[in-house]
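S.K.: Contents are compact mmCIF, C-alpha atoms; file name protein.txt:
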```txt
# COMPACT_ATOMS: atom_id res chain seq x y z
CA MET A 113 -36.18 23.55 255.63
CA SER A 114 -39.39 21.68 256.06
CA ALA A 115 -40.19 19.59 259.08
CA GLY A 116 -39.98 16.34 257.15
CA GLU A 117 -36.57 16.76 255.64
CA GLU A 118 -33.77 14.62 256.99
CA THR A 119 -30.55 16.18 255.85
CA LEU A 120 -27.99 13.56 254.97
CA HIS A 121 -25.24 15.56 253.40
CA SER A 122 -22.05 13.65 252.74
CA PRO A 123 -18.74 15.24 251.81
CA PRO A 124 -18.18 15.04 248.07
CA GLY A 125 -15.25 12.65 248.36
CA VAL A 126 -17.25 9.79 249.93
CA PRO A 127 -17.90 6.99 247.42
CA LEU A 128 -21.49 6.16 246.57
CA SER A 129 -21.32 2.77 248.31
CA LEU A 130 -20.40 4.32 251.65
CA ARG A 131 -23.02 7.06 251.74
CA GLY A 132 -25.76 5.05 253.40
CA PRO A 133 -29.42 5.00 252.45
CA ALA A 134 -31.08 8.03 250.90
CA PRO A 135 -33.56 9.90 253.12
CA ILE A 136 -37.05 8.42 252.98
CA ARG A 137 -38.40 11.58 251.42
CA VAL A 138 -36.13 11.16 248.41
CA VAL A 139 -36.95 7.45 248.12
CA ALA A 140 -40.71 8.05 248.37
CA GLY A 141 -40.60 10.91 245.90
CA PHE A 142 -38.55 8.96 243.41
CA GLY A 143 -40.79 5.92 243.71
CA PHE A 144 -43.86 8.04 243.13
CA TRP A 145 -42.15 9.68 240.16
CA LEU A 146 -41.62 6.20 238.66
CA PHE A 147 -45.32 5.44 239.20
CA LEU A 148 -46.27 8.69 237.46
CA LEU A 149 -44.06 7.84 234.49
CA SER A 150 -45.67 4.40 234.19
CA ASP A 151 -49.06 6.11 234.36
CA ILE A 152 -47.98 8.41 231.55
CA ILE A 153 -46.94 5.34 229.53
CA ALA A 154 -50.44 3.91 230.07
CA PHE A 155 -51.84 7.21 228.77
CA ALA A 156 -49.47 6.94 225.80
CA ALA A 157 -51.18 3.65 224.86
CA LEU A 158 -54.58 5.38 225.04
CA PHE A 159 -53.28 8.29 222.95
CA ALA A 160 -51.96 5.83 220.37
CA THR A 161 -55.36 4.09 220.27
CA TYR A 162 -57.12 7.41 219.78
CA ALA A 163 -54.71 8.52 217.06
CA VAL A 164 -55.26 5.26 215.17
CA LEU A 165 -59.06 5.30 215.50
CA CYS A 166 -59.91 9.01 215.36
CA HIS A 167 -61.06 8.88 211.72
CA SER A 168 -63.13 5.69 212.10
CA THR A 169 -66.40 7.46 212.76
CA ALA A 170 -68.62 4.75 211.18
CA GLY A 171 -70.76 7.42 209.53
CA GLY A 172 -71.40 9.06 212.89
CA PRO A 173 -70.44 12.52 214.10
CA THR A 174 -66.81 13.57 213.76
CA GLY A 175 -64.69 15.40 216.30
CA PRO A 176 -65.07 18.94 214.95
CA GLU A 177 -68.87 18.49 214.89
CA LEU A 178 -68.94 17.47 218.55
CA PHE A 179 -66.28 19.50 220.31
CA ASP A 180 -66.97 22.89 221.83
CA LYS A 181 -63.67 24.77 221.81
CA PRO A 182 -64.52 27.62 224.20
CA ARG A 183 -65.54 25.03 226.81
CA VAL A 184 -62.31 23.11 226.30
CA PHE A 185 -60.39 26.36 226.74
CA LEU A 186 -62.20 26.98 230.04
CA GLU A 187 -61.46 23.42 231.18
CA THR A 188 -57.79 23.97 230.32
CA MET A 189 -57.72 27.21 232.30
CA CYS A 190 -59.30 25.46 235.30
CA LEU A 191 -56.64 22.77 235.32
CA LEU A 192 -53.79 25.21 234.75
CA ALA A 193 -54.98 27.50 237.54
CA SER A 194 -55.44 24.53 239.88
CA SER A 195 -51.88 23.42 239.14
CA VAL A 196 -50.59 26.83 240.20
CA THR A 197 -52.76 27.05 243.33
CA CYS A 198 -51.58 23.54 244.23
CA GLY A 199 -48.02 24.87 243.94
CA PHE A 200 -48.91 27.79 246.23
CA GLY A 201 -50.42 25.27 248.65
CA SER A 202 -47.20 23.27 248.75
CA ILE A 203 -45.24 26.48 249.40
CA ALA A 204 -47.59 27.10 252.33
CA ILE A 205 -46.87 23.57 253.60
CA PHE A 206 -43.12 24.19 253.45
CA ARG A 207 -43.74 27.34 255.47
CA ASN A 208 -45.89 25.43 257.99
CA ASP A 209 -48.72 27.85 257.30
CA ALA A 210 -51.88 25.78 257.74
CA ARG A 211 -54.35 28.56 256.95
CA ALA A 212 -52.70 29.47 253.65
CA MET A 213 -52.51 25.76 252.84
CA TYR A 214 -56.27 25.27 253.43
CA PHE A 215 -57.00 28.36 251.34
CA TRP A 216 -54.92 27.37 248.30
CA MET A 217 -55.78 23.67 248.43
CA GLY A 218 -59.46 24.60 248.79
CA ILE A 219 -59.22 26.64 245.59
CA THR A 220 -57.40 23.74 243.92
CA PHE A 221 -60.27 21.46 244.91
CA LEU A 222 -62.92 23.85 243.61
CA LEU A 223 -61.14 24.28 240.28
CA GLY A 224 -60.90 20.50 239.98
CA VAL A 225 -64.64 20.21 240.61
CA CYS A 226 -65.31 22.90 237.98
CA PHE A 227 -63.24 20.93 235.48
CA LEU A 228 -65.06 17.67 236.21
CA ASN A 229 -68.41 19.42 236.03
CA MET A 230 -67.68 20.82 232.57
CA GLU A 231 -66.37 17.48 231.37
CA GLY A 232 -69.39 15.65 232.77
CA ARG A 233 -71.76 18.05 231.00
CA GLU A 234 -69.85 17.55 227.76
CA PHE A 235 -70.15 13.77 228.06
CA ALA A 236 -73.85 14.05 228.92
CA SER A 237 -74.58 16.31 225.94
CA MET A 238 -72.76 13.93 223.61
CA MET A 239 -74.67 10.92 224.93
CA ALA A 240 -77.91 12.87 224.61
CA ILE A 241 -77.49 13.15 220.83
CA GLY A 242 -76.60 9.48 220.54
CA ALA A 243 -72.83 9.97 220.32
CA GLY A 244 -72.01 7.61 223.17
CA PRO A 245 -68.95 5.38 223.40
CA SER A 246 -70.71 2.51 221.62
CA HIS A 247 -71.47 4.51 218.47
CA SER A 248 -68.11 4.32 216.69
CA ALA A 249 -64.46 3.39 217.20
CA PHE A 250 -63.61 7.08 217.31
CA LEU A 251 -66.08 7.70 220.15
CA SER A 252 -64.94 4.60 222.07
CA ALA A 253 -61.35 5.82 221.93
CA PHE A 254 -62.42 9.36 222.84
CA PHE A 255 -64.41 8.32 225.89
CA THR A 256 -61.67 5.95 227.04
CA LEU A 257 -58.89 8.52 226.78
CA VAL A 258 -60.72 11.57 228.13
CA GLY A 259 -62.67 9.46 230.64
CA THR A 260 -59.47 7.95 232.05
CA HIS A 261 -58.06 11.42 232.53
CA GLY A 262 -61.28 12.52 234.22
CA LEU A 263 -61.13 9.44 236.44
CA HIS A 264 -57.61 10.39 237.47
CA VAL A 265 -58.81 13.90 238.33
CA SER A 266 -61.63 12.42 240.45
CA VAL A 267 -59.17 10.18 242.28
CA GLY A 268 -56.94 13.22 242.81
CA LEU A 269 -59.83 15.16 244.36
CA ILE A 270 -60.62 12.30 246.75
CA TRP A 271 -56.94 12.10 247.63
CA LEU A 272 -56.91 15.85 248.28
CA ILE A 273 -59.83 15.55 250.72
CA VAL A 274 -58.03 12.71 252.51
CA MET A 275 -54.87 14.80 252.75
CA LEU A 276 -56.76 17.81 254.14
CA LEU A 277 -58.34 15.53 256.75
CA GLN A 278 -54.93 14.14 257.63
CA VAL A 279 -53.53 17.62 258.12
CA ALA A 280 -56.56 18.50 260.24
CA THR A 281 -56.11 15.47 262.50
CA LEU A 282 -52.35 14.77 262.42
CA GLY A 283 -50.92 18.19 261.60
CA PHE A 284 -47.82 18.70 259.51
CA LYS A 285 -46.10 15.45 260.40
CA PRO A 286 -43.26 14.33 258.12
CA MET A 287 -45.32 11.49 256.66
CA VAL A 288 -48.27 13.78 255.97
CA ILE A 289 -46.00 16.29 254.25
CA ARG A 290 -44.49 13.47 252.21
CA ARG A 291 -47.90 12.28 251.05
CA PHE A 292 -49.04 15.80 250.30
CA TYR A 293 -46.01 16.32 248.19
CA CYS A 294 -46.72 13.13 246.22
CA PHE A 295 -50.25 14.48 245.68
CA GLY A 296 -48.71 17.66 244.24
CA LEU A 297 -46.67 15.61 241.78
CA PHE A 298 -49.79 13.66 240.78
CA TRP A 299 -51.80 16.83 240.19
CA HIS A 300 -49.10 18.49 238.08
CA ALA A 301 -48.64 15.28 236.05
CA LEU A 302 -52.40 15.23 235.29
CA ASP A 303 -52.11 18.74 233.91
CA ILE A 304 -49.29 17.57 231.63
CA VAL A 305 -51.49 14.73 230.34
CA TRP A 306 -54.28 17.26 229.71
CA ILE A 307 -51.94 19.25 227.42
CA GLY A 308 -51.75 16.14 225.26
CA VAL A 309 -55.53 15.68 225.42
CA PHE A 310 -56.48 19.17 224.32
CA THR A 311 -53.79 19.28 221.63
CA ILE A 312 -54.42 15.86 220.09
CA VAL A 313 -58.12 15.34 220.75
CA TYR A 314 -59.71 18.77 220.75
CA LEU A 315 -57.39 20.84 218.55
CA GLY A 316 -55.76 18.21 216.34
CA ALA A 317 -59.18 17.00 215.25
CA ASN A 318 -59.76 20.17 213.26
CA SER A 319 -56.63 20.08 211.23
CA GLY A 320 -56.91 18.78 207.72
CA HIS A 321 -56.09 15.17 206.88
CA ALA A 322 -59.46 13.41 206.78
CA GLY A 323 -59.15 9.64 206.57
CA MET B 271 -24.30 25.03 245.90
CA GLN B 272 -23.70 21.61 247.33
CA VAL B 273 -24.78 18.49 245.51
CA GLU B 274 -26.80 16.38 247.89
CA ALA B 275 -25.37 12.91 248.31
CA GLN B 276 -28.40 10.90 247.26
CA GLY B 277 -29.97 13.39 244.88
CA HIS B 278 -33.29 15.12 245.10
CA ALA B 279 -36.79 13.81 244.81
CA PRO B 280 -38.75 15.32 241.92
CA GLY B 281 -40.81 18.36 242.83
CA VAL B 282 -38.42 19.53 245.50
CA ASP B 283 -36.20 22.40 244.57
CA PRO B 284 -34.51 23.49 247.79
CA HIS B 285 -33.63 26.87 246.35
CA GLU B 286 -37.03 27.70 244.95
CA GLN B 287 -39.60 26.13 247.20
CA HIS B 288 -40.06 29.13 249.44
CA ASN B 289 -41.25 31.55 246.80
CA ALA B 290 -44.11 31.70 244.39
CA ARG B 291 -42.15 33.36 241.63
CA GLY B 292 -41.29 30.10 239.84
CA TYR B 293 -44.96 29.11 239.70
CA LEU B 294 -45.99 32.53 238.41
CA ILE B 295 -43.34 32.50 235.68
CA GLY B 296 -44.48 28.99 234.73
CA LEU B 297 -48.10 30.18 234.69
CA GLY B 298 -47.16 33.02 232.34
CA TYR B 299 -45.41 30.73 229.88
CA ALA B 300 -48.14 28.08 230.08
CA LEU B 301 -50.89 30.65 229.49
CA ALA B 302 -49.07 32.09 226.47
CA LEU B 303 -48.51 28.63 224.98
CA THR B 304 -52.10 27.50 225.62
CA ILE B 305 -53.55 30.61 224.00
CA ALA B 306 -51.14 30.18 221.08
CA SER B 307 -52.33 26.57 220.65
CA PHE B 308 -56.01 27.51 220.56
CA TRP B 309 -55.20 30.39 218.23
CA ALA B 310 -53.15 28.20 215.89
CA ALA B 311 -55.95 25.63 215.62
CA SER B 312 -58.53 28.12 214.37
CA THR B 313 -56.60 30.79 212.53
CA PRO B 314 -56.49 31.21 208.75
CA PHE B 315 -53.05 32.84 209.01
CA VAL B 316 -51.11 29.59 209.32
CA TYR B 317 -50.63 27.34 206.28
CA THR B 318 -53.13 24.57 207.05
CA PRO B 319 -50.89 21.48 206.59
CA ALA B 320 -48.38 23.06 208.99
CA VAL B 321 -50.90 23.45 211.82
CA PRO B 322 -50.44 19.95 213.36
CA VAL B 323 -46.67 20.47 213.48
CA LEU B 324 -47.11 23.87 215.11
CA LEU B 325 -49.57 22.39 217.63
CA ALA B 326 -47.14 19.59 218.46
CA ALA B 327 -44.30 22.06 218.99
CA LEU B 328 -46.45 24.24 221.25
CA ALA B 329 -47.64 21.21 223.27
CA ILE B 330 -44.12 19.88 223.76
CA ALA B 331 -42.94 23.33 224.82
CA GLN B 332 -45.78 23.58 227.33
CA MET B 333 -45.03 20.12 228.73
CA GLY B 334 -41.44 21.28 229.20
CA VAL B 335 -42.63 24.41 231.00
CA HIS B 336 -44.79 22.32 233.34
CA LEU B 337 -41.94 19.89 234.04
CA ALA B 338 -39.47 22.67 234.76
CA PHE B 339 -41.61 25.14 236.73
CA PHE B 340 -44.27 22.97 238.39
CA LEU B 341 -42.57 19.59 238.84
CA HIS B 342 -39.10 21.17 239.25
CA ILE B 343 -37.42 18.54 237.09
CA SER B 344 -34.08 19.70 235.78
CA SER B 345 -30.90 18.21 234.38
CA ALA B 346 -28.91 19.25 237.45
CA PRO B 347 -26.39 16.67 238.70
CA ASP B 348 -28.40 15.89 241.86
CA GLN B 349 -31.45 15.11 239.71
CA ALA B 350 -29.77 12.53 237.49
CA ASN B 351 -32.12 9.72 238.64
CA ASN B 352 -35.27 11.72 238.00
CA PHE B 353 -34.06 12.92 234.65
CA LEU B 354 -33.03 9.45 233.48
CA ALA B 355 -36.37 8.02 234.57
CA LEU B 356 -38.14 10.78 232.66
CA ALA B 357 -36.02 10.11 229.57
CA PHE B 358 -36.88 6.42 229.73
CA GLY B 359 -40.59 7.16 230.20
CA LEU B 360 -40.60 9.46 227.19
CA PHE B 361 -38.70 6.87 225.16
CA VAL B 362 -41.26 4.14 225.90
CA SER B 363 -44.18 6.54 225.29
CA GLY B 364 -42.66 7.51 221.94
CA LEU B 365 -42.21 3.88 220.96
CA ILE B 366 -45.83 3.09 221.83
CA ILE B 367 -47.35 6.07 220.03
CA PHE B 368 -45.22 6.23 216.89
CA GLY B 369 -44.87 2.45 216.68
CA SER B 370 -48.65 1.97 216.82
CA LEU B 371 -49.27 4.68 214.24
CA MET B 372 -46.63 3.27 211.88
CA ILE B 373 -47.82 -0.34 212.17
CA MET B 374 -51.48 0.58 211.74
CA ALA B 375 -50.72 2.81 208.76
CA HIS B 376 -48.81 -0.06 207.12
CA LEU B 377 -51.63 -2.51 207.79
CA ASN B 378 -54.11 -0.05 206.33
CA HIS B 379 -51.92 0.47 203.30
CA HIS B 380 -51.49 -3.24 202.59
CA MET B 381 -55.06 -4.29 203.31
CA MET B 382 -57.04 -5.51 200.33
CA PRO B 383 -59.71 -3.01 199.25
CA MET B 384 -63.00 -3.83 200.93
CA ASP B 385 -64.95 -4.62 197.74
CA GLN B 386 -62.40 -7.24 196.62
CA LEU B 387 -62.49 -8.76 200.08
CA MET B 388 -66.26 -9.05 199.87
CA GLN B 389 -66.04 -10.74 196.45
CA MET B 390 -63.62 -13.34 197.80
CA GLN B 391 -66.03 -14.20 200.55
CA ARG B 392 -68.82 -15.05 198.12
```
If you took the structure in this file and wrote it as structure tokens, what would it be?
M.R.:
Amino acid sequence: MSAGEETLHSPPGVPLSLRGPAPIRVVAGFGFWLFLLSDIIAFAALFATYAVLCHSTAGGPTGPELFDKPRVFLETMCLLASSVTCGFGSIAIFRNDARAMYFWMGITFLLGVCFLNMEGREFASMMAIGAGPSHSAFLSAFFTLVGTHGLHVSVGLIWLIVMLLQVATLGFKPMVIRRFYCFGLFWHALDIVWIGVFTIVYLGANSGHAG
Amino acid sequence: MQVEAQGHAPGVDPHEQHNARGYLIGLGYALALTIASFWAASTPFVYTPAVPVLLAALAIAQMGVHLAFFLHISSAPDQANNFLALAFGLFVSGLIIFGSLMIMAHLNHHMMPMDQLMQMQR
């Protein structure tokens, strides 16, 4: 059991109303899960916008002309690997193993930076040929959707640095573990959103139905 | 296995959290599905109009893999709250995406052709 876990087991026969409050860890985790779901709903609105506008290129470049699939594959691999190393990091936290935690979370951070670097270069190369967000409705929707995801990744990286500093100064206190574990949820949820991005934006763009 | 009184927070699987096996299994599935997606998008072997459906199926499968192996969401009795919240989130997301697409497709369909519109404005 981790340091932060308060075990409030009740016998099965006790009615729900008499069981007392849930442990703070469960409450915090559930609350953060609700936040993540509302974030995913916000992304759903951006996905809907993109899906509606993706053929309105206003005579400008279309998706298949702009997107570089091997790079997107590398970005995907970066995020997937960082999700797994983040999982290994949280295992290290549950084991109270600070060195393993720094190692795995450090790799998570580096993979996140790699991802952002590739995405930044993609945006820069698109702007350089005049395909910026102001060129067409398709490009506005693209930059909003992919940019929002990138912004989330940046926020996640800042959060990760803050968490590493908190571990360095406070150690594995229950509240630090709780926050770290919310960070893990956030990072995994971003990877789920990225599945939608690469499927709908980068791969779906190639398939047939021109509008 | 005892059901905890107040349920579990998402991401915490008390029986799995001490080993890396779950994450590695998830990684294997996710890798296979990702590679299949990129393959399906550029292969001539799949009937072209079927590609979007195949991509959607692969993406949904991969989201399921991430939820199960990385976020440790399951339909276990002590996860009822998390699972219901997830179901509601997916329901609202589906309404937003498919509702927007349907409404915009209808508007497009019923809009007067652009040349007629221009003539009326003269």
S.K.: Tell me as a ChimeraX atom specification which residues belonging to chain A come within 7 Å of chain B, counting all atoms listed in the file.
M.R.: /A:121-122,134,138,141-142,145-146,149,153,156-157,159-160,164,196,199-200,203,297,300,304,307-308,311,315-316,319-320
S.K.: Any chance you can output those residues with C-alpha atoms as a PDB file, in the coordinates of the input?
M.R.:
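Okay, again.pdb is ready:
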```
ATOM      1  CA  HIS A 121     -25.240  15.560 253.400  1.00  0.00           C
ATOM      2  CA  SER A 122     -22.050  13.650 252.740  1.00  0.00           C
ATOM      3  CA  ALA A 134     -31.080   8.030 250.900  1.00  0.00           C
ATOM      4  CA  VAL A 138     -36.130  11.160 248.410  1.00  0.00           C
ATOM      5  CA  GLY A 141     -40.600  10.910 245.900  1.00  0.00           C
ATOM      6  CA  PHE A 142     -38.550   8.960 243.410  1.00  0.00           C
ATOM      7  CA  TRP A 145     -42.150   9.680 240.160  1.00  0.00           C
ATOM      8  CA  LEU A 146     -41.620   6.200 238.660  1.00  0.00           C
ATOM      9  CA  LEU A 149     -44.060   7.840 234.490  1.00  0.00           C
ATOM     10  CA  ILE A 153     -46.940   5.340 229.530  1.00  0.00           C
ATOM     11  CA  ALA A 156     -49.470   6.940 225.800  1.00  0.00           C
ATOM     12  CA  ALA A 157     -51.180   3.650 224.860  1.00  0.00           C
ATOM     13  CA  PHE A 159     -53.280   8.290 222.950  1.00  0.00           C
ATOM     14  CA  ALA A 160     -51.960   5.830 220.370  1.00  0.00           C
ATOM     15  CA  VAL A 164     -55.260   5.260 215.170  1.00  0.00           C
ATOM     16  CA  VAL A 196     -50.590  26.830 240.200  1.00  0.00           C
ATOM     17  CA  GLY A 199     -48.020  24.870 243.940  1.00  0.00           C
ATOM     18  CA  PHE A 200     -48.910  27.790 246.230  1.00  0.00           C
ATOM     19  CA  ILE A 203     -45.240  26.480 249.400  1.00  0.00           C
ATOM     20  CA  LEU A 297     -46.670  15.610 241.780  1.00  0.00           C
ATOM     21  CA  HIS A 300     -49.100  18.490 238.080  1.00  0.00           C
ATOM     22  CA  ILE A 304     -49.290  17.570 231.630  1.00  0.00           C
ATOM     23  CA  ILE A 307     -51.940  19.250 227.420  1.00  0.00           C
ATOM     24  CA  GLY A 308     -51.750  16.140 225.260  1.00  0.00           C
ATOM     25  CA  THR A 311     -53.790  19.280 221.630  1.00  0.00           C
ATOM     26  CA  LEU A 315     -57.390  20.840 218.550  1.00  0.00           C
ATOM     27  CA  GLY A 316     -55.760  18.210 216.340  1.00  0.00           C
ATOM     28  CA  SER A 319     -56.630  20.080 211.230  1.00  0.00           C
ATOM     29  CA  GLY A 320     -56.910  18.780 207.720  1.00  0.00           C
TER      30      GLY A 320
END
```
S.K.: Give the answer as one residue: which of A:Phe206, A:Phe235, A:Trp271, A:Phe255 has the shortest atom-to-atom distance to Trp299 of chain A, using all atoms listed in the file?
M.R.: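 Checking each candidate against Trp299 of chain A, we get A:Trp271 as the closest.
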S.K.: Between atom CA of Pro133 of chain A and atom CA of Gly201 of chain A, what distance in Å does the model show, to one decimal?
M.R.: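 Going from atom CA of Pro133 of chain A over to atom CA of Gly201 of chain A, I get 29.4 Å.
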S.K.: Extract, using only C-alpha atoms, all DNA, RNA and protein residues at most 9 Å from His261 of chain A, discarding same-chain residues fewer than 5 positions from it, and format them as a list of chain:residue names.
M.R.: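 My reading of the contact set: A:Phe155, A:Thr256, A:Ser266, A:Leu302, A:Val305, A:Trp306, A:Val309.
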S.K.: Find the distance between atom CA of Gly268 of chain A and atom CA of Phe144 of chain A and write it in Å to one decimal.
M.R.: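 Here the two named atoms are 14.1 Å from each other.
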S.K.: Work out how far apart atom CA of Leu251 of chain A and atom CA of Met382 of chain B are and give it in Å to one decimal.
M.R.: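 Rounded to one decimal, the two atoms are 25.5 Å apart.
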S.K.: Which residues are near Leu222 of chain A? Cut-off 10 Å, all atoms listed in the file, ignore same chain within fewer than 5 positions. Put them as a list in words.
M.R.: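 These residues fall inside the cut-off: Cys190, Ser194, Trp216, Met217, Phe227, Leu228 and Leu269 of chain A.
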S.K.: Counting all atoms listed in the file, what is within 10 Å of Met238 of chain A, bar same-chain residues fewer than 6 positions away, as an MDAnalysis selection string?
M.R.: chainID A and resid 173 178:179 232 244:245 251
